[in-house]
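File shown: data30.cif. Contents: mmCIF, C-alpha atoms.
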data_upload
loop_
_atom_site.label_atom_id
_atom_site.label_comp_id
_atom_site.auth_asym_id
_atom_site.auth_seq_id
_atom_site.Cartn_x
_atom_site.Cartn_y
_atom_site.Cartn_z
CA THR A 22 57.62 36.45 60.44
CA LEU A 23 56.12 38.89 57.95
CA MET A 24 58.78 41.47 58.83
CA ALA A 25 61.61 38.95 58.41
CA ILE A 26 60.36 37.68 55.03
CA SER A 27 59.77 41.25 53.83
CA ILE A 28 63.29 42.40 54.79
CA LEU A 29 64.86 39.44 52.98
CA ALA A 30 62.61 40.03 49.94
CA VAL A 31 63.55 43.72 49.72
CA THR A 32 67.31 43.12 50.17
CA GLU A 33 67.21 40.41 47.50
CA ARG A 34 64.83 42.45 45.27
CA ARG A 35 62.22 39.71 45.08
CA TRP A 36 59.27 42.11 44.72
CA ARG A 37 56.79 39.37 43.83
CA VAL A 38 57.13 37.98 47.35
CA LEU A 39 55.79 41.25 48.81
CA LEU A 40 52.75 41.00 46.55
CA GLU A 41 52.16 37.39 47.60
CA LEU A 42 52.26 38.47 51.27
CA THR A 43 49.38 40.97 50.82
CA PRO A 44 46.63 38.66 52.23
CA ALA A 45 48.77 37.88 55.28
CA TYR A 46 49.40 41.61 55.84
CA VAL A 47 45.65 42.33 55.68
CA ILE A 48 44.96 39.68 58.36
CA PHE A 49 47.83 40.99 60.52
CA ILE A 50 46.65 44.61 60.32
CA GLY A 51 43.05 43.68 61.10
CA ASP A 52 44.09 41.66 64.17
CA ALA A 53 46.54 44.34 65.35
CA LEU A 54 43.93 47.11 65.13
CA ALA A 55 41.51 45.04 67.21
CA ARG A 56 44.11 44.45 69.94
CA THR A 57 45.49 47.98 70.15
CA SER A 58 42.23 49.53 71.35
CA GLY A 59 43.56 49.41 74.91
CA GLU A 60 46.14 51.51 76.73
CA PRO A 61 49.74 50.68 75.69
CA ILE A 62 52.10 49.61 78.49
CA PHE A 63 55.73 50.69 78.09
CA HIS A 64 58.79 49.94 80.24
CA THR A 65 61.94 52.00 80.74
CA PHE A 66 65.04 51.70 78.59
CA MET A 67 67.01 50.14 81.48
CA TRP A 68 64.27 47.54 81.97
CA HIS A 69 64.83 46.49 78.36
CA VAL A 70 68.60 46.29 78.93
CA ARG A 71 68.18 44.14 82.06
CA GLN A 72 65.90 41.74 80.19
CA VAL A 73 68.67 40.81 77.71
CA PRO A 74 70.75 38.73 80.18
CA ALA A 75 67.52 37.66 81.91
CA PHE A 76 66.59 35.90 78.67
CA PHE A 77 69.39 33.38 79.33
CA ALA A 78 69.17 33.45 83.10
CA ALA A 79 66.46 31.16 84.53
CA GLY A 80 67.93 32.20 87.89
CA HIS A 81 71.58 31.65 86.90
CA ILE A 82 72.95 35.11 86.27
CA VAL A 83 76.62 34.06 85.85
CA VAL A 84 75.68 31.67 83.04
CA ALA A 85 73.46 34.40 81.57
CA TRP A 86 76.24 37.01 81.43
CA ALA A 87 78.73 34.49 80.01
CA THR A 88 76.30 33.49 77.26
CA THR A 89 75.41 37.12 76.53
CA ALA A 90 79.11 37.98 76.21
CA LEU A 91 79.69 35.10 73.77
CA VAL A 92 76.71 36.18 71.66
CA ALA A 93 77.93 39.81 71.65
CA VAL A 94 81.40 38.70 70.47
CA GLY A 95 79.78 36.65 67.71
CA ILE A 96 77.70 39.61 66.53
CA ILE A 97 80.64 42.04 66.49
CA TYR A 98 82.91 39.52 64.75
CA ALA A 99 80.28 38.71 62.10
CA ILE A 100 79.68 42.40 61.35
CA TRP A 101 83.45 42.96 61.09
CA ARG A 102 83.74 40.00 58.69
CA ARG A 103 80.61 41.15 56.78
CA VAL A 104 78.89 37.77 57.07
CA ALA A 105 75.26 37.22 55.93
CA ARG A 106 74.29 40.89 56.12
CA GLU A 107 70.72 40.25 54.88
CA MET A 108 69.91 37.94 57.80
CA ALA A 109 71.68 40.31 60.18
CA LEU A 110 69.17 43.00 59.17
CA VAL A 111 66.34 40.73 60.32
CA SER A 112 67.90 40.30 63.77
CA ALA A 113 68.62 44.05 63.96
CA ALA A 114 65.01 44.93 63.04
CA LEU A 115 63.66 42.55 65.68
CA LEU A 116 66.01 44.02 68.30
CA ILE A 117 64.97 47.59 67.46
CA ALA A 118 61.30 46.54 67.63
CA TYR A 119 62.00 45.01 71.07
CA PHE A 120 63.13 48.42 72.36
CA VAL A 121 60.35 50.53 70.77
CA MET A 122 57.26 48.29 70.93
CA PRO A 123 55.03 48.29 74.02
CA TRP A 124 55.14 45.43 76.50
CA GLY A 125 51.38 45.01 76.03
CA TYR A 126 47.96 46.65 76.02
CA SER A 127 45.46 46.88 78.85
CA ALA A 128 41.73 47.55 78.79
CA GLY A 129 39.01 47.17 81.38
CA GLY A 130 41.53 46.29 84.07
CA TRP A 131 42.89 43.35 82.05
CA VAL A 132 45.95 42.87 79.88
CA GLN A 133 44.51 42.32 76.41
CA ALA A 134 47.94 41.49 74.96
CA GLY A 135 51.15 41.03 76.93
CA TRP A 136 54.81 40.08 76.64
CA ILE A 137 54.89 41.52 73.10
CA ASN A 138 58.39 43.00 73.14
CA GLU A 139 59.80 40.09 75.16
CA ARG A 140 58.66 37.76 72.38
CA LEU A 141 60.51 40.00 69.93
CA LEU A 142 63.67 39.57 72.02
CA PHE A 143 63.08 35.82 71.88
CA LEU A 144 62.89 35.99 68.06
CA THR A 145 66.01 38.18 67.95
CA ILE A 146 68.00 35.48 69.73
CA LEU A 147 66.52 32.69 67.62
CA THR A 148 67.59 34.36 64.35
CA LEU A 149 71.21 34.91 65.45
CA PRO A 150 72.48 31.37 64.63
CA ALA A 151 71.58 32.00 60.97
CA TRP A 152 74.39 34.51 60.59
CA ILE A 153 76.67 35.10 63.61
CA THR A 154 80.13 33.55 63.66
CA LEU A 155 82.87 33.38 66.28
CA PRO A 156 86.67 33.46 65.98
CA ARG A 157 88.43 30.15 66.69
CA PRO A 158 85.30 27.97 66.20
CA ALA A 159 86.65 25.01 68.19
CA ILE A 160 87.29 27.13 71.30
CA ALA A 161 84.00 29.05 70.88
CA THR A 162 82.05 25.79 70.52
CA ALA A 163 83.69 24.40 73.66
CA LEU A 164 82.74 27.54 75.61
CA PHE A 165 79.15 27.32 74.41
CA LEU A 166 78.97 23.64 75.37
CA ILE A 167 80.29 24.45 78.86
CA ALA A 168 77.67 27.20 79.23
CA ILE A 169 74.90 24.87 77.98
CA ALA A 170 75.99 22.04 80.30
CA ALA A 171 76.12 24.41 83.28
CA HIS A 172 72.69 25.78 82.44
CA ILE A 173 71.11 22.32 82.05
CA GLY A 174 72.71 21.10 85.28
CA LEU A 175 71.65 24.08 87.36
CA THR A 176 68.16 24.13 85.83
CA SER A 177 67.71 20.41 86.58
CA ILE A 178 68.52 21.07 90.24
CA GLN A 179 66.09 24.00 90.22
CA ILE A 180 63.31 21.86 88.68
CA ALA A 181 63.84 19.16 91.33
CA LYS A 182 63.45 21.77 94.08
CA LEU A 183 60.34 23.24 92.43
CA ASN A 184 58.85 19.76 92.08
CA ARG A 185 59.10 19.20 95.83
CA TYR A 186 57.79 22.73 96.47
CA ILE A 187 54.76 22.26 94.21
CA ALA A 188 54.05 18.78 95.59
CA ASP A 189 53.86 20.27 99.10
CA ILE A 190 51.05 22.54 97.90
CA VAL A 191 49.05 20.27 95.57
CA LYS A 192 48.71 17.73 98.39
CA CYS A 193 45.80 19.95 99.44
CA ALA A 194 43.86 19.19 96.23
CA PRO A 195 42.02 16.06 97.51
CA LEU A 196 40.62 18.14 100.40
CA ILE A 197 38.72 20.49 98.08
CA ARG A 198 35.08 19.51 97.82
CA PRO A 199 33.82 18.49 94.36
CA HIS A 200 31.95 21.10 92.25
CA SER A 201 33.67 23.98 94.08
CA THR A 202 34.92 27.38 92.97
CA ILE A 203 38.36 28.56 94.07
CA GLN A 204 40.02 31.98 94.14
CA THR A 205 43.55 33.17 94.92
CA PHE A 206 44.94 36.07 96.94
CA PHE A 207 48.50 36.71 95.78
CA SER A 208 51.01 39.25 97.05
CA ILE A 209 51.84 41.82 94.35
CA SER A 210 55.44 41.94 95.61
CA ARG A 211 55.83 38.27 94.65
CA MET A 212 54.72 38.87 91.07
CA SER A 213 57.44 38.75 88.42
CA PRO A 214 57.53 39.74 84.75
CA GLN A 215 58.88 36.26 84.10
CA VAL A 216 56.31 33.46 83.97
CA THR A 217 57.14 31.17 86.90
CA PRO A 218 55.97 27.60 87.60
CA THR A 219 54.07 28.86 90.65
CA LEU A 220 52.25 31.76 88.96
CA HIS A 221 49.18 29.62 88.17
CA LEU A 222 49.63 27.08 90.91
CA THR A 223 45.97 27.29 91.93
CA SER A 224 45.14 25.76 88.56
CA TYR A 225 46.80 22.55 89.75
CA LEU A 226 44.23 22.48 92.54
CA GLY A 227 41.48 23.21 90.00
CA LEU A 228 42.29 20.02 88.08
CA HIS A 229 40.84 17.91 90.89
CA GLU A 230 37.19 16.86 91.03
CA ASP A 231 35.48 19.49 88.85
CA VAL A 232 36.87 22.61 90.56
CA VAL A 233 36.53 25.98 88.78
CA ASP A 234 39.43 28.43 89.11
CA LEU A 235 37.80 31.89 89.21
CA ASP A 236 41.15 33.51 88.37
CA ASP A 237 41.27 31.85 84.95
CA TYR A 238 41.92 35.00 82.90
CA GLU A 239 41.24 33.23 79.60
CA ALA A 240 37.53 32.98 80.37
CA ARG A 241 37.35 36.79 80.78
CA LEU A 242 38.94 37.62 77.42
CA PRO A 243 37.56 37.24 73.89
CA ASP A 244 40.70 35.49 72.55
CA PHE A 245 40.04 32.01 73.96
CA PRO A 246 37.37 29.31 73.40
CA LEU A 247 36.57 29.11 77.14
CA SER A 248 34.21 31.83 78.38
CA TYR A 249 32.19 32.54 81.50
CA ARG A 250 28.47 32.89 80.92
CA PRO A 251 27.14 36.48 81.10
CA ASN A 252 25.80 37.78 84.41
CA PRO A 253 26.48 34.73 86.59
CA PRO A 254 24.91 34.77 90.08
CA ALA A 255 27.07 36.56 92.66
CA ARG A 256 28.38 34.18 95.30
CA PRO A 257 31.59 33.90 97.33
CA PRO A 258 34.13 31.25 96.29
CA ASP A 259 33.87 27.86 97.98
CA ALA A 260 37.65 27.75 98.54
CA VAL A 261 40.36 30.37 98.85
CA VAL A 262 44.14 30.11 98.39
CA VAL A 263 46.09 32.75 100.33
CA TRP A 264 49.79 33.20 99.56
CA ARG A 265 52.30 34.40 102.13
CA GLY A 266 52.59 38.18 101.94
CA ALA A 267 49.03 38.76 100.75
CA GLN A 268 47.18 41.35 102.82
CA VAL A 269 44.75 38.74 104.14
CA ARG A 270 44.89 37.39 107.68
CA ARG A 271 41.47 35.92 108.36
CA ILE A 272 38.43 35.47 106.15
CA VAL A 273 35.10 35.32 107.97
CA GLY A 274 33.15 32.15 107.28
CA TYR A 275 36.18 30.11 106.13
CA ASN A 276 38.35 27.54 107.88
CA VAL A 277 41.97 26.64 107.12
CA THR A 278 42.01 23.05 105.87
CA CYS A 279 45.51 22.69 104.48
CA GLY A 280 48.69 24.65 103.92
CA SER A 281 52.42 24.94 103.59
CA ALA A 282 55.04 27.54 104.46
CA ASP A 283 53.83 29.77 101.61
CA VAL A 284 50.19 28.87 101.00
CA ARG A 285 47.00 28.40 103.02
CA LEU A 286 43.89 26.68 101.68
CA LEU A 287 40.66 27.90 103.26
CA GLN A 288 37.18 26.46 102.61
CA ARG A 289 33.80 28.01 103.24
CA MET A 290 32.01 26.55 106.23
CA GLN A 291 28.87 24.64 105.30
#
Full structure transcribed into structure tokens:
Amino acid sequence: TLMAISILAVTERRWRVLLELTPAYVIFIGDALARTSGEPIFHTFMWHVRQVPAFFAAGHIVVAWATTALVAVGIIYAIWRRVAREMALVSAALLIAYFVMPWGYSAGGWVQAGWINERLLFLTILTLPAWITLPRPAIATALFLIAIAAHIGLTSIQIAKLNRYIADIVKCAPLIRPHSTIQTFFSISRMSPQVTPTLHLTSYLGLHEDVVDLDDYEARLPDFPLSYRPNPPARPPDAVVVWRGAQVRRIVGYNVTCGSADVRLLQRMQ
């Protein structure tokens, strides 16, 4: 936001705005310096390129490429027609930052800040409607509406499938004993840079009867109000969730109490 306002202020020669932004810049710099004490995580150039259609995808790559092509045509046409060049500079700056900024920072085995450049891509797309234009607006609008309708339809089907999939797993929640701790073993190969509805599925189980999810990363970081107490007593979790593909076959002292095709719930024998 600061970068966008500053670019518009400079291009329009409103120098007083830059002075008024000084307190916000001081806060931003102080927060950024605190977060960048970790090791920066960068991805390859091709990874950045692949993420552009993935922004529209949600699993529907044909819709993603069609939408990306329409946006690209709108950008080229607007530049050719010299439309709203000041706002175009904001989108261009955000896109350049997306390619050069790190994905995140890690320290102490934890990601202290993540998805930084992907958020910049998100902002790049959000600023485009302020200035891009397409030839033959009626036809372009119809194409966008077709793409939007296809995306909503396919995503609705996907959500319905995920709802049944999640329901098959959370049926195990009532079997977890009250005042329990729970931990997850997840296959690294199933991890995705995109946040998926099943990434924190164990938290659904943790909502039932005062169950503590030991994989709650927020409690281990200084950025959130929830925090684990220092030096808690060492004890094994009361329940364990094992995903298919995790390098775990049998855990001594635990019994399987529930499961699905992808997940097993094990509880410590009393």
The PyMOL selection byres ((chain A and resi 83-91) around 12) resolved against shown file, as a ChimeraX atom specification: /A:70-82,92-98,146,149,153-156,158,160-176
Between A:Tyr238, A:Tyr225, A:Trp264, A:Trp124, which has the minimum distance to Trp68 (chain A) (counting only C-alpha atoms)? A:Trp124
Taking the file as shown, what set of residues would the PyMOL selection byres ((chain A and resi 31-42) around 12) give back, as a compact mmCIF listing (two decimals) with C-alpha atoms, in the frame of the given file?
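Contents of the output file expr_4.txt:
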# COMPACT_ATOMS: atom_id res chain seq x y z
CA THR A 22 57.62 36.45 60.44
CA LEU A 23 56.12 38.89 57.95
CA MET A 24 58.78 41.47 58.83
CA ALA A 25 61.61 38.95 58.41
CA ILE A 26 60.36 37.68 55.03
CA SER A 27 59.77 41.25 53.83
CA ILE A 28 63.29 42.40 54.79
CA LEU A 29 64.86 39.44 52.98
CA ALA A 30 62.61 40.03 49.94
CA THR A 43 49.38 40.97 50.82
CA PRO A 44 46.63 38.66 52.23
CA ALA A 45 48.77 37.88 55.28
CA TYR A 46 49.40 41.61 55.84
CA VAL A 47 45.65 42.33 55.68
CA ILE A 48 44.96 39.68 58.36
CA PHE A 49 47.83 40.99 60.52
CA ALA A 105 75.26 37.22 55.93
CA ARG A 106 74.29 40.89 56.12
CA GLU A 107 70.72 40.25 54.88
CA MET A 108 69.91 37.94 57.80
CA ALA A 109 71.68 40.31 60.18
CA LEU A 110 69.17 43.00 59.17
CA VAL A 111 66.34 40.73 60.32
List every protein, DNA or RNA residue that has at least one atom no more than 10 Å from (51.2, 44.1, 77.1) in the file's coordinates, counting all atoms listed in the file, and write the result as a PyMOL selection string. chain A and resi 57+59-63+122-127+131-139
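The space separating CA of Ser224 (chain A) from CA of Ile180 (chain A) comes to 18.6 Å.
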Result set, the PyMOL selection byres ((chain A and resi 232-234) around 7) on current file, as a list in words: Pro199, His200, Ser201, Thr202, Ile203, Gln204, Ser224, Gly227, Leu228, His229, Glu230, Asp231, Leu235, Asp236 and Asp237 of chain A
Work out how far apart CA of Thr205 (chain A) and CA of Ala188 (chain A) are and give it in Å to one decimal. 17.8 Å
Name the closest residue to Arg198 (chain A) among the candidates A:Ile178, A:Leu142, A:Met290, A:Leu222; distances are taken between atoms, counting all atoms listed in the file. A:Met290
Looking at A:Val284, A:Met67, A:Cys279, A:Leu141, which one is nearest to Ala267 (chain A), with distances taken over all atoms listed in the file?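 Looking at the shortest contact to Ala267 (chain A), the residue is A:Val284.
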Go through A:Arg140, A:Phe66, A:Pro254, A:Arg157 and flag the residue nearest Val121 (chain A), using only C-alpha atoms for the distances. A:Phe66
Expressed in Å to a single decimal, how great is the separation between CA of Val262 (chain A) and CA of Phe206 (chain A)? 6.2 Å
Closest of A:Ala128, A:Leu116, A:Ile187, A:Ala53 to Arg241 (chain A) - atom-to-atom distances counting all atoms listed in the file: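 Going through A:Ala128, A:Leu116, A:Ile187, A:Ala53 one by one, the smallest distance to Arg241 (chain A) is for A:Ala128.
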For Leu115 (chain A), work out the shell of residues within 6 Å, counting all atoms listed in the file and skipping chain neighbours fewer than 3 positions away, then give it as a list in words. Ser112, Ala118, Leu141 and Thr145 of chain A
With all atoms of region 133-145 of chain A from the file as input, state the centre and edge lengths in Å to one decimal of the axis-aligned box that has 4 Å extra on each side, as JSON.
{"center_x": 55.3, "center_y": 39.4, "center_z": 72.4, "size_x": 29.5, "size_y": 15.2, "size_z": 17.0}
